[in-house]
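Next comes model-v2.txt, a file with compact mmCIF, C-alpha atoms.
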# COMPACT_ATOMS: atom_id res chain seq x y z
CA MET A 92 -4.70 9.22 10.03
CA GLN A 93 -3.52 5.70 10.52
CA SER A 94 -5.69 4.82 13.52
CA SER A 95 -8.96 6.05 14.94
CA MET A 96 -7.46 5.88 18.46
CA ARG A 97 -5.16 8.75 17.47
CA LEU A 98 -7.88 10.83 15.78
CA VAL A 99 -7.76 13.86 18.10
CA SER A 100 -3.98 14.12 18.39
CA SER A 101 -3.53 13.63 14.67
CA ALA A 102 -6.08 16.32 13.89
CA LEU A 103 -4.25 18.83 16.12
CA PHE A 104 -0.98 17.92 14.49
CA CYS A 105 -2.46 18.40 11.03
CA VAL A 106 -3.64 21.89 11.93
CA GLY A 107 -0.07 22.90 12.69
CA VAL A 108 1.42 21.48 9.53
CA LEU A 109 -1.49 21.79 7.11
CA ALA A 110 0.11 24.58 5.17
CA VAL A 111 3.25 22.54 4.60
CA PHE A 112 2.29 18.89 4.23
CA GLY A 113 -1.50 18.68 4.30
CA CYS A 114 -3.45 16.29 6.52
CA HIS A 115 -3.99 12.71 5.33
CA SER A 116 -7.31 11.17 6.22
CA ALA A 117 -7.97 7.53 6.96
CA PRO A 118 -8.27 5.28 3.92
CA THR A 119 -11.71 5.41 2.36
CA ARG A 120 -13.63 2.35 1.26
CA GLY A 121 -12.50 2.99 -2.28
CA ASP A 122 -8.84 2.92 -1.23
CA VAL A 123 -9.05 -0.46 0.48
CA GLY A 124 -7.89 -3.38 -1.60
CA GLN A 125 -5.81 -1.34 -4.02
CA PRO A 126 -3.06 -3.64 -5.34
CA ALA A 127 0.50 -2.74 -4.44
CA PRO A 128 2.69 -1.67 -7.33
CA VAL A 129 4.40 -4.62 -8.99
CA TYR A 130 8.13 -4.41 -9.57
CA THR A 131 8.99 -5.14 -13.17
CA PRO A 132 12.68 -5.82 -13.87
CA ARG A 133 14.21 -3.63 -16.54
CA PRO A 134 15.39 -5.48 -19.66
CA ALA A 135 19.16 -5.49 -19.99
CA SER A 136 20.94 -3.75 -22.81
CA HIS A 137 23.36 -5.69 -25.00
CA GLU A 138 26.34 -4.24 -23.13
CA GLU A 139 24.81 -5.21 -19.78
CA GLU A 140 24.20 -8.75 -20.99
CA ILE A 141 27.84 -9.05 -22.07
CA THR A 142 28.94 -7.90 -18.60
CA LEU A 143 26.65 -10.44 -16.94
CA ILE A 144 27.87 -13.28 -19.18
CA ARG A 145 31.51 -12.55 -18.36
CA ALA A 146 30.83 -12.23 -14.63
CA ASP A 147 28.85 -15.47 -14.58
CA SER A 148 31.62 -17.43 -16.30
CA GLU A 149 34.17 -16.23 -13.77
CA VAL A 150 32.00 -16.92 -10.72
CA PHE A 151 30.80 -20.30 -12.00
CA ALA A 152 34.38 -21.38 -12.69
CA ALA A 153 35.30 -20.32 -9.15
CA VAL A 154 32.46 -22.44 -7.73
CA VAL A 155 33.52 -25.54 -9.66
CA ARG A 156 37.17 -25.00 -8.73
CA ALA A 157 36.34 -24.70 -5.03
CA GLN A 158 34.05 -27.74 -5.11
CA LEU A 159 36.70 -29.92 -6.73
CA ARG A 160 39.11 -28.94 -3.94
CA ALA A 161 36.60 -29.77 -1.20
CA GLY A 162 37.43 -32.28 1.50
CA THR A 163 35.43 -34.36 3.96
CA ASP A 164 35.94 -32.48 7.23
CA GLU A 165 34.18 -29.17 6.57
CA TYR A 166 31.80 -27.52 4.13
CA PRO A 167 31.96 -27.44 1.16
CA TYR A 168 32.14 -31.21 1.32
CA GLN A 169 33.41 -33.47 -1.39
CA ILE A 170 30.46 -34.79 -3.39
CA GLU A 171 30.51 -38.24 -4.89
CA GLU A 172 29.00 -38.57 -8.34
CA LEU A 173 29.25 -34.78 -8.70
CA ARG A 174 27.13 -33.35 -11.50
CA TYR A 175 26.23 -29.76 -12.33
CA ASP A 176 23.08 -28.51 -13.94
CA PRO A 177 24.51 -25.78 -16.22
CA ARG A 178 21.30 -23.74 -16.10
CA PRO A 179 21.33 -20.91 -13.54
CA TYR A 180 19.14 -21.98 -10.60
CA GLY A 181 18.26 -25.07 -12.63
CA SER A 182 15.39 -23.16 -14.26
CA ARG A 183 14.44 -22.81 -17.90
CA ASP A 184 14.74 -19.03 -18.08
CA GLY A 185 17.84 -18.78 -15.87
CA TYR A 186 16.07 -17.02 -13.00
CA PRO A 187 14.82 -18.43 -9.69
CA GLU A 188 11.25 -19.68 -9.81
CA LEU A 189 10.84 -18.92 -6.10
CA SER A 190 12.39 -16.28 -3.89
CA ALA A 191 15.57 -17.46 -2.21
CA GLY A 192 14.42 -16.07 1.12
CA VAL A 193 17.60 -14.00 1.43
CA GLN A 194 17.22 -10.24 1.49
CA GLY A 195 18.99 -8.65 -1.44
CA ALA A 196 19.62 -11.92 -3.32
CA ALA A 197 17.35 -11.25 -6.30
CA PRO A 198 19.62 -11.26 -9.37
CA GLU A 199 17.75 -8.35 -10.98
CA LEU A 200 19.03 -6.09 -8.16
CA TYR A 201 22.55 -6.42 -9.57
CA PHE A 202 22.06 -6.81 -13.30
CA ALA A 203 19.10 -5.87 -15.47
CA ARG A 204 17.12 -8.93 -16.57
CA ALA A 205 18.86 -10.69 -19.43
CA GLY A 206 17.06 -12.08 -22.45
CA GLN A 207 16.88 -15.77 -23.32
CA ASP A 208 19.70 -15.53 -25.86
CA ALA A 209 22.03 -14.22 -23.16
CA ILE A 210 20.93 -16.95 -20.74
CA ASP A 211 21.56 -19.57 -23.44
CA GLN A 212 25.08 -18.17 -23.85
CA ILE A 213 25.62 -18.40 -20.09
CA VAL A 214 24.54 -22.05 -20.15
CA SER A 215 26.83 -22.75 -23.13
CA ASN A 216 29.80 -21.16 -21.35
CA ARG A 217 29.10 -23.18 -18.22
CA LYS A 218 29.08 -26.39 -20.25
CA ILE A 219 32.52 -25.51 -21.62
CA ILE A 220 33.83 -24.89 -18.09
CA LEU A 221 32.50 -28.26 -16.93
CA GLU A 222 33.98 -30.03 -19.94
CA GLN A 223 37.39 -28.45 -19.34
CA ARG A 224 37.37 -29.79 -15.76
CA ASN A 225 35.92 -33.20 -16.64
CA VAL A 226 32.82 -32.58 -14.55
CA PRO A 227 29.65 -34.14 -15.98
CA GLU A 228 26.43 -32.26 -16.47
CA GLY A 229 23.40 -33.35 -14.50
CA SER A 230 19.68 -32.80 -14.69
CA PRO A 231 17.19 -32.97 -11.82
CA PHE A 232 16.17 -36.43 -10.68
CA ASN A 233 12.74 -37.42 -9.48
CA TYR A 234 11.98 -40.17 -6.97
CA PRO A 235 8.34 -39.63 -5.92
CA GLN A 236 8.38 -42.73 -3.69
CA CYS A 237 11.51 -41.62 -1.83
CA ALA A 238 11.08 -39.64 1.38
CA GLY A 239 13.55 -37.22 2.91
CA VAL A 240 16.42 -38.47 5.04
CA ARG A 241 14.72 -37.16 8.20
CA ALA A 242 11.19 -38.28 7.32
CA PRO A 243 9.66 -40.15 10.29
CA LYS A 244 8.82 -43.79 9.78
CA PRO A 245 5.06 -44.46 9.86
CA PRO A 246 3.86 -46.74 12.67
CA PRO A 247 3.19 -50.37 11.68
CA SER A 248 -0.43 -51.21 11.03
CA ARG A 249 -2.37 -54.01 12.71
CA ARG A 250 -4.27 -56.46 10.57
CA GLY A 251 -6.19 -59.30 12.09
CA GLY A 252 -4.47 -58.79 15.40
CA ALA A 253 -1.03 -59.43 13.97
CA ARG A 254 1.48 -56.59 13.70
CA ALA A 255 2.28 -55.97 10.05
CA LYS A 256 5.59 -54.73 8.76
CA ALA A 257 5.98 -50.95 8.76
CA THR A 258 5.95 -49.16 5.42
CA ASP A 259 9.42 -48.40 4.10
CA VAL A 260 9.32 -44.70 3.16
CA HIS A 261 12.67 -45.10 1.42
CA ALA A 262 11.77 -48.12 -0.69
CA GLY A 263 11.67 -45.94 -3.83
CA CYS A 264 15.05 -44.32 -3.26
CA PRO A 265 18.03 -44.98 -5.53
CA LYS A 266 20.35 -47.79 -4.45
CA LYS A 267 23.43 -45.64 -5.04
CA PRO A 268 23.91 -41.97 -4.06
CA GLU A 269 23.07 -39.43 -6.75
CA SER A 270 23.53 -35.69 -6.67
CA TYR A 271 23.44 -32.58 -8.76
CA VAL A 272 24.29 -28.97 -8.07
CA THR A 273 22.79 -25.74 -9.37
CA VAL A 274 24.50 -22.36 -9.26
CA GLY A 275 22.66 -19.04 -9.37
CA LEU A 276 23.60 -15.91 -11.25
CA PRO A 277 26.41 -13.73 -9.86
CA LEU A 278 25.58 -11.07 -7.28
CA ARG A 279 28.03 -8.19 -6.93
CA GLY A 280 29.10 -7.70 -3.32
CA GLN A 281 27.54 -9.16 -0.17
CA PRO A 282 23.71 -9.02 -0.05
CA ASP A 283 22.16 -7.25 2.94
CA GLY A 284 20.55 -10.46 4.16
CA LEU A 285 23.99 -12.06 4.49
CA LYS A 286 25.58 -9.34 6.58
CA ASN A 287 26.22 -9.75 10.32
CA VAL A 288 25.48 -13.48 10.14
CA ARG A 289 27.67 -16.49 10.88
CA ASP A 290 29.11 -18.73 8.22
CA THR A 291 29.26 -22.52 8.18
CA HIS A 292 32.31 -22.35 10.47
CA GLY A 293 30.51 -20.22 13.06
CA GLU A 294 32.41 -17.04 12.24
CA LEU A 295 30.81 -13.66 11.54
CA VAL A 296 31.05 -12.90 7.84
CA ASP A 297 32.84 -9.65 7.08
CA VAL A 298 34.22 -9.65 3.56
CA SER A 299 35.45 -6.49 1.86
CA GLY A 300 37.09 -5.68 -1.45
CA ASP A 301 36.04 -7.09 -4.82
CA VAL A 302 33.38 -9.53 -3.56
CA TRP A 303 30.93 -11.70 -5.48
CA THR A 304 28.14 -13.91 -4.15
CA THR A 305 26.11 -16.72 -5.67
CA LEU A 306 23.59 -19.25 -4.37
CA VAL A 307 24.56 -22.92 -4.63
CA ASP A 308 21.88 -25.60 -4.26
CA GLU A 309 22.86 -29.21 -3.65
CA TYR A 310 20.41 -32.06 -4.25
CA VAL A 311 21.35 -35.50 -2.96
CA ALA A 312 19.39 -38.78 -3.08
CA GLY A 313 20.46 -42.16 -1.81
CA PRO A 314 19.23 -45.33 -0.07
CA SER A 315 18.45 -43.38 3.13
CA GLY A 316 16.43 -40.63 1.39
CA TRP A 317 16.94 -37.26 -0.26
CA SER A 318 18.03 -33.82 0.93
CA HIS A 319 18.26 -30.33 -0.51
CA THR A 320 20.55 -27.67 0.93
CA GLN A 321 21.26 -24.13 -0.19
CA HIS A 322 24.33 -22.08 0.65
CA ALA A 323 25.51 -18.65 -0.32
CA TRP A 324 29.11 -18.76 -1.53
CA LEU A 325 31.08 -15.53 -1.19
CA PHE A 326 34.22 -15.00 -3.26
CA LYS A 327 36.91 -12.35 -2.92
CA ARG A 328 39.39 -11.42 -5.60
CA SER A 329 42.98 -12.13 -4.65
CA ARG A 330 45.34 -9.17 -4.77
CA TRP A 331 48.10 -11.42 -6.07
CA THR A 332 46.50 -13.81 -8.53
CA ARG A 333 43.49 -11.58 -9.42
CA ARG A 334 41.41 -14.76 -9.23
CA LEU A 335 38.21 -15.21 -7.22
CA ASP A 336 38.85 -17.32 -4.12
CA LEU A 337 36.20 -18.75 -1.82
CA ALA A 338 36.01 -16.51 1.25
CA ALA A 339 32.92 -17.77 3.11
CA THR A 340 29.88 -20.02 2.85
CA ILE A 341 26.56 -19.39 4.61
CA GLN A 342 23.74 -21.91 4.84
CA THR A 343 20.50 -20.29 3.72
CA GLY A 344 18.15 -23.28 3.56
CA ILE A 345 17.78 -26.99 4.11
CA VAL A 346 14.99 -29.48 3.34
CA GLU A 347 15.27 -33.12 4.35

Structure re-expressed in structure tokens:
Amino acid sequence: MQSSMRLVSSALFCVGVLAVFGCHSAPTRGDVGQPAPVYTPRPASHEEEITLIRADSEVFAAVVRAQLRAGTDEYPYQIEELRYDPRPYGSRDGYPELSAGVQGAAPELYFARAGQDAIDQIVSNRKIILEQRNVPEGSPFNYPQCAGVRAPKPPPSRRGGARAKATDVHAGCPKKPESYVTVGLPLRGQPDGLKNVRDTHGELVDVSGDVWTTLVDEYVAGPSGWSHTQHAWLFKRSRWTRRLDLAATIQTGIVE
């Protein structure tokens, strides 16, 4: 029984179905605190790793191609000083260190977990794609004395009755804009958490056919502070060119 308030009704119900299902009692003291089963991703076979490597190269190339075509009036926006971190998610092992917060966006739900050799091959292929398009690689930057672009300014302090100058929370920011982009592993189809939601243009996303999704994180720092945004990019294969074209973008996170 799940609740003592339903003790009598549950007991009567159990009498009627005892022969079929049995009657479950309330958790005993020994049952409390039992850890939930931990999901352990299955290691990928060699054939599965090859499939993942090929899919990643195609999706990553589609991301770079779409970004280079970006303008200034709508997302994806043109990025000055564009740099890509060739590592998936920007992590050492090629998998997100934290959950993306999007239901169904865990890469292990689409491909078994690849080994480090396969991830290294993915990174190598991404570097070749960037080199072919004259896009530089970029590693994460760190400006500990630079606040976010929307960080409130602290009030000025008073010393000796005179109003002192307020602290500049952006004093440690770079003088010129810097940015780098990370791209996640490919996800086959449209994750459940991205269905029946609106894209960056305000339209409901309904993509069918040969669809691929990946998470794109953009990190920008400049004189006015830093920002971090994450979008899901959905691609659909063209019937005519057989190439993956950008079909929709959905904002999934922003930190400023």

Show me a table, sorted first by chain and then by increasing residue number, of the residues of region 262-289 of chain A having an atom at most 12 Å from region 210-217 of chain A, each with its shortest atom pair and the distance in Å to one decimal, counting all atoms listed in the file and written as JSON lines.
{"residue": "A:Thr273", "atom": "CA", "partner": "A:Arg217", "partner_atom": "CA", "distance": 11.2}
{"residue": "A:Val274", "atom": "CA", "partner": "A:Arg217", "partner_atom": "CA", "distance": 10.1}
{"residue": "A:Gly275", "atom": "CA", "partner": "A:Ile213", "partner_atom": "CA", "distance": 11.1}
{"residue": "A:Leu276", "atom": "CA", "partner": "A:Ile213", "partner_atom": "CA", "distance": 9.4}
{"residue": "A:Pro277", "atom": "CA", "partner": "A:Ile213", "partner_atom": "CA", "distance": 11.3}

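Compared by their closest atoms to Gln158 (chain A), and using only C-alpha atoms, the residues A:Tyr175, A:Trp317, A:Phe232, A:Tyr180 rank with A:Tyr175 nearest.
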
request  = Find the residues near Asp301 (chain A): any atom within 9 Å, counting all atoms listed in the file, skip ones fewer than 5 places away on the same chain, and give them as a PyMOL selection string.
outcome  = chain A and resi 279-280+326-329+335

query = Of the candidates A:Arg241, A:Arg156, A:His137, A:Lys266, which shows the shortest atom-to-atom distance to Val226 (chain A), using all atoms listed in the file?
reply =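 The closest residue to Val226 (chain A) is A:Arg156.
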
request  = Using all atoms listed in the file, find the one residue out of A:Gln321, A:Ser270, A:Asn287, A:Gln342 that sits nearest to Ile170 (chain A).
outcome  = A:Ser270

key: Near-Val272 (chain A) list (9 Å; all atoms listed in the file; drop same-chain fewer than 5 positions) as a ChimeraX atom specification   = /A:173-177,181,229-231,307-311

key: Counting all atoms listed in the file, the option among A:Leu221, A:Ala205, A:Val260, A:Val302 closest to Arg334 (chain A)   = A:Val302
